[in-house]
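Novice: What follows is work-v3.csv; its format and atoms are CSV, C-alpha atoms and all ligand atoms.
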```csv
chain,number,residue,atom,x,y,z
A,1,THR,CA,3.0,-7.0,20.8
A,2,CYS,CA,1.8,-6.6,17.3
A,3,GLY,CA,-1.9,-5.9,16.7
A,4,GLY,CA,-1.7,-7.7,13.3
A,5,VAL,CA,0.9,-10.2,12.0
A,6,VAL,CA,4.7,-10.3,12.2
A,7,LEU,CA,6.2,-11.0,8.9
A,8,GLN,CA,10.0,-11.2,8.4
A,9,GLY,CA,10.4,-9.2,11.7
A,10,LYS,CA,8.0,-6.4,10.8
A,11,CYS,CA,4.5,-5.9,12.3
A,12,TYR,CA,1.8,-5.5,9.7
A,13,GLN,CA,-1.5,-4.0,10.8
A,14,PHE,CA,-4.7,-3.5,8.9
A,15,PHE,CA,-7.0,-0.5,9.5
A,16,ARG,CA,-10.5,-0.4,8.1
A,17,LYS,CA,-10.9,3.3,8.6
A,18,ASN,CA,-11.2,5.3,5.3
A,19,LEU,CA,-8.4,7.9,5.0
A,20,ASN,CA,-6.5,9.5,2.2
A,21,ALA,CA,-3.0,8.2,1.6
A,22,HIS,CA,-1.3,11.1,3.4
A,23,GLN,CA,-3.6,10.8,6.5
A,24,ALA,CA,-3.0,7.0,6.5
A,25,GLU,CA,0.7,7.5,6.4
A,26,SER,CA,0.5,9.9,9.3
A,27,HIS,CA,-1.5,7.4,11.2
A,28,CYS,CA,1.0,4.6,10.6
A,29,GLN,CA,3.8,6.9,11.8
A,30,SER,CA,1.9,7.8,14.9
A,31,ILE,CA,1.3,4.2,16.1
A,32,CYS,CA,4.8,2.9,16.3
A,33,HIS,CA,8.5,3.7,15.9
A,34,ASN,CA,9.5,3.6,12.2
A,35,GLY,CA,5.9,3.1,11.2
A,36,HIS,CA,4.9,3.7,7.6
A,37,LEU,CA,2.2,2.5,5.1
A,38,ALA,CA,3.3,-1.1,4.4
A,39,SER,CA,5.9,-2.1,2.0
A,40,VAL,CA,5.0,-5.3,0.0
A,41,ALA,CA,8.2,-6.4,-1.6
A,42,SER,CA,7.5,-10.1,-2.2
A,43,SER,CA,4.7,-12.5,-3.2
A,44,TYR,CA,5.0,-14.0,0.3
A,45,ILE,CA,4.2,-10.7,2.0
A,46,ARG,CA,1.5,-10.0,-0.5
A,47,GLY,CA,-0.3,-13.3,0.3
A,48,GLU,CA,0.0,-12.8,4.0
A,49,ILE,CA,-1.5,-9.3,3.7
A,50,GLY,CA,-4.5,-10.9,2.0
A,51,LYS,CA,-4.8,-13.3,4.8
A,52,LEU,CA,-4.5,-10.5,7.4
A,53,MET,CA,-7.5,-8.7,5.7
A,54,ASP,CA,-9.4,-12.0,5.4
A,55,ARG,CA,-9.1,-12.5,9.2
A,56,ASN,CA,-10.1,-8.9,9.9
A,57,GLY,CA,-13.5,-8.4,8.3
A,58,GLY,CA,-12.6,-9.3,4.7
A,59,ARG,CA,-10.5,-8.2,1.9
A,60,THR,CA,-10.8,-4.7,0.5
A,61,ARG,CA,-8.9,-2.1,-1.5
A,62,ALA,CA,-6.3,-0.7,0.8
A,63,TRP,CA,-3.4,1.8,0.7
A,64,LEU,CA,0.1,0.4,0.6
A,65,GLY,CA,3.3,2.5,1.1
A,66,GLY,CA,4.3,2.9,-2.5
A,67,ARG,CA,4.8,6.5,-3.8
A,68,ARG,CA,5.7,7.8,-7.2
A,69,ILE,CA,9.0,9.7,-7.2
A,70,LEU,CA,7.9,12.8,-9.1
A,71,ARG,CA,11.2,13.5,-10.8
A,72,THR,CA,11.8,9.9,-12.2
A,73,LYS,CA,8.2,8.7,-12.3
A,74,LYS,CA,9.4,5.5,-10.7
A,75,PHE,CA,8.0,4.1,-7.4
A,76,ARG,CA,9.5,3.8,-4.0
A,77,TRP,CA,8.4,2.3,-0.6
A,78,LEU,CA,8.0,4.9,2.1
A,79,ASP,CA,10.0,2.8,4.6
A,80,GLY,CA,13.0,2.6,2.4
A,81,THR,CA,12.6,-1.0,1.3
A,82,ARG,CA,14.1,-1.5,-2.2
A,83,TRP,CA,11.5,-1.5,-5.0
A,84,SER,CA,12.2,-4.8,-6.8
A,85,TYR,CA,9.1,-7.0,-6.6
A,86,ASN,CA,6.7,-6.4,-9.4
A,87,GLY,CA,3.2,-6.7,-7.9
A,88,TRP,CA,1.4,-4.5,-10.4
A,89,ALA,CA,-1.9,-5.5,-11.9
A,90,LYS,CA,-1.9,-6.0,-15.6
A,91,GLY,CA,-1.7,-2.6,-17.3
A,92,GLU,CA,-0.6,-0.8,-14.2
A,93,PRO,CA,0.8,1.6,-13.3
A,94,ASN,CA,-1.0,3.7,-15.8
A,95,ASN,CA,-0.9,7.1,-14.1
A,96,ARG,CA,-4.5,7.8,-15.2
A,97,GLY,CA,-5.0,11.6,-15.6
A,98,GLY,CA,-1.3,12.1,-14.7
A,99,LYS,CA,-2.1,12.3,-11.0
A,100,GLU,CA,-1.9,8.7,-9.7
A,101,ASN,CA,1.1,9.0,-7.3
A,102,CYS,CA,0.0,6.6,-4.6
A,103,VAL,CA,-0.4,2.8,-4.5
A,104,GLU,CA,-3.4,0.6,-3.5
A,105,THR,CA,-3.9,-3.1,-3.4
A,106,TRP,CA,-6.9,-4.5,-5.2
A,107,TYR,CA,-9.0,-7.4,-3.9
A,108,ASN,CA,-6.8,-9.8,-5.9
A,109,LEU,CA,-3.8,-8.3,-4.2
A,110,ALA,CA,-2.4,-6.7,-7.4
A,111,PHE,CA,-1.2,-3.1,-7.1
A,112,ASN,CA,-2.7,-0.1,-8.8
A,113,ASP,CA,-1.5,3.5,-8.9
A,114,VAL,CA,-4.3,5.8,-7.9
A,115,ARG,CA,-4.8,9.4,-6.8
A,116,CYS,CA,-3.6,9.9,-3.2
A,117,THR,CA,-6.8,11.9,-2.3
A,118,ARG,CA,-9.1,8.8,-2.4
A,119,LEU,CA,-10.3,7.5,0.9
A,120,LYS,CA,-9.5,3.9,1.7
A,121,PRO,CA,-8.6,1.4,4.5
A,122,PHE,CA,-4.8,0.9,4.8
A,123,ILE,CA,-2.1,-1.3,6.0
A,124,CYS,CA,0.8,-0.2,8.2
A,125,SER,CA,4.1,-1.9,8.8
A,126,CYS,CA,6.8,-1.2,11.4
B,1,LIG,C1,-9.7,3.0,-12.4
B,1,LIG,O1,-12.2,4.4,-12.9
B,1,LIG,P1,-11.2,4.3,-14.0
B,1,LIG,O2,-11.4,3.1,-14.9
B,1,LIG,O3,-11.0,5.6,-14.7
B,1,LIG,C2,-8.6,3.4,-11.4
B,1,LIG,C3,-7.2,3.5,-12.1
B,1,LIG,C4,-6.9,2.2,-12.8
B,1,LIG,C5,-8.1,1.8,-13.7
B,1,LIG,C6,-7.8,0.4,-14.3
B,1,LIG,C7,-9.9,6.0,-9.0
B,1,LIG,O4,-9.8,4.0,-13.3
B,1,LIG,O5,-6.2,3.8,-11.3
B,1,LIG,O6,-5.7,2.3,-13.5
B,1,LIG,O7,-9.3,1.8,-13.0
B,1,LIG,N1,-8.9,4.6,-10.8
B,1,LIG,C8,-9.5,4.7,-9.5
B,1,LIG,O8,-8.8,0.1,-15.2
B,1,LIG,O9,-9.6,3.7,-8.9
B,2,CA,CA,-3.9,3.2,-12.1
```
Starting from the coordinates I provided, produce the structure as structure tokens.
Ligand code: GN1
Ligand code: CA

Specialist:
Amino acid sequence: TCGGVVLQGKCYQFFRKNLNAHQAESHCQSICHNGHLASVASSYIRGEIGKLMDRNGGRTRAWLGGRRILRTKKFRWLDGTRWSYNGWAKGEPNNRGGKENCVETWYNLAFNDVRCTRLKPFICSC
């Protein structure tokens, strides 16, 4: 059984523990087969992730599974989902300081690129 919510056949789970993006990804991989930080590839999934956080102590900034491809500067999802949905906040991704290679969701569920070393809650999918 899924300790979160099943969306389009994938189990999404929210963890309020503060980890950096790499630690969070390791945690997601360790809890289930094919686990990764969550891909959020539609407005439907994005809204449901908001509800998942709302039901589990309230909405917060959280890691998602987006990573910048260093060679092309584009973003990909760690689970291989095609990057097509544009969920970025206005003005993002801005790669502030040239080191914002990971992706978080803000309270309003818009995406921001941010340094991977920040500590945040996170959402896994598998
Ligand atoms: C934050 O803190 P500041 O304004 O330099 C954010 C950036 C966003 C920016 C948007 C660590 O940068 O990723 O693009 O706000 N950095 C952090 O205004 O959250
Ligand atoms: Ca940014």

Novice: Neighbouring residues of A:Ser39 were defined as those with any atom within 12 Å, considering only C-alpha atoms; residues of the same chain fewer than 3 positions away were excluded. Please report them as an MDAnalysis selection string.

Specialist: chainID A and resid 7:8 10:13 25 28 35:36 42:43 45:46 49 63:67 75:85 87 103:105 111 122:126

Novice: Set the cut-off to 12 Å, count all atoms listed in the file, and list whatever residues fall near ligand LIG 1 (chain B) as a ChimeraX atom specification.

Specialist: /A:61-63,88-106,110-120

Novice: How would the residues just chosen look if you wrote them out with C-alpha atoms as a compact mmCIF listing (two decimals), keeping the file's coordinate frame?

Specialist:
```txt
# COMPACT_ATOMS: atom_id res chain seq x y z
CA ARG A 61 -8.90 -2.10 -1.50
CA ALA A 62 -6.30 -0.70 0.80
CA TRP A 63 -3.40 1.80 0.70
CA TRP A 88 1.40 -4.50 -10.40
CA ALA A 89 -1.90 -5.50 -11.90
CA LYS A 90 -1.90 -6.00 -15.60
CA GLY A 91 -1.70 -2.60 -17.30
CA GLU A 92 -0.60 -0.80 -14.20
CA PRO A 93 0.80 1.60 -13.30
CA ASN A 94 -1.00 3.70 -15.80
CA ASN A 95 -0.90 7.10 -14.10
CA ARG A 96 -4.50 7.80 -15.20
CA GLY A 97 -5.00 11.60 -15.60
CA GLY A 98 -1.30 12.10 -14.70
CA LYS A 99 -2.10 12.30 -11.00
CA GLU A 100 -1.90 8.70 -9.70
CA ASN A 101 1.10 9.00 -7.30
CA CYS A 102 0.00 6.60 -4.60
CA VAL A 103 -0.40 2.80 -4.50
CA GLU A 104 -3.40 0.60 -3.50
CA THR A 105 -3.90 -3.10 -3.40
CA TRP A 106 -6.90 -4.50 -5.20
CA ALA A 110 -2.40 -6.70 -7.40
CA PHE A 111 -1.20 -3.10 -7.10
CA ASN A 112 -2.70 -0.10 -8.80
CA ASP A 113 -1.50 3.50 -8.90
CA VAL A 114 -4.30 5.80 -7.90
CA ARG A 115 -4.80 9.40 -6.80
CA CYS A 116 -3.60 9.90 -3.20
CA THR A 117 -6.80 11.90 -2.30
CA ARG A 118 -9.10 8.80 -2.40
CA LEU A 119 -10.30 7.50 0.90
CA LYS A 120 -9.50 3.90 1.70
```

Novice: Provide the atom CA of ligand CA 2 (chain B) to atom CA of A:Lys73 distance in Å, to one decimal place.

Specialist: 13.3 Å

Novice: Calculate how many Å separate atom CA of A:Leu52 from atom CA of A:Lys74, rounding to one decimal.

Specialist: 27.9 Å

Novice: For atom CA of A:Leu19 and atom CA of A:Tyr44, quote the distance in Å rounded to one decimal.

Specialist: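 These two atoms are separated by 26.1 Å.
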
Novice: For each of A:Met53, A:Leu109, A:Leu70, A:Ala24, take the minimum atom-to-atom distance to A:Leu37, counting only C-alpha atoms, then give the residue where this is smallest.

Specialist: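 Once distances to A:Leu37 are computed over only C-alpha atoms, the minimum belongs to A:Ala24.
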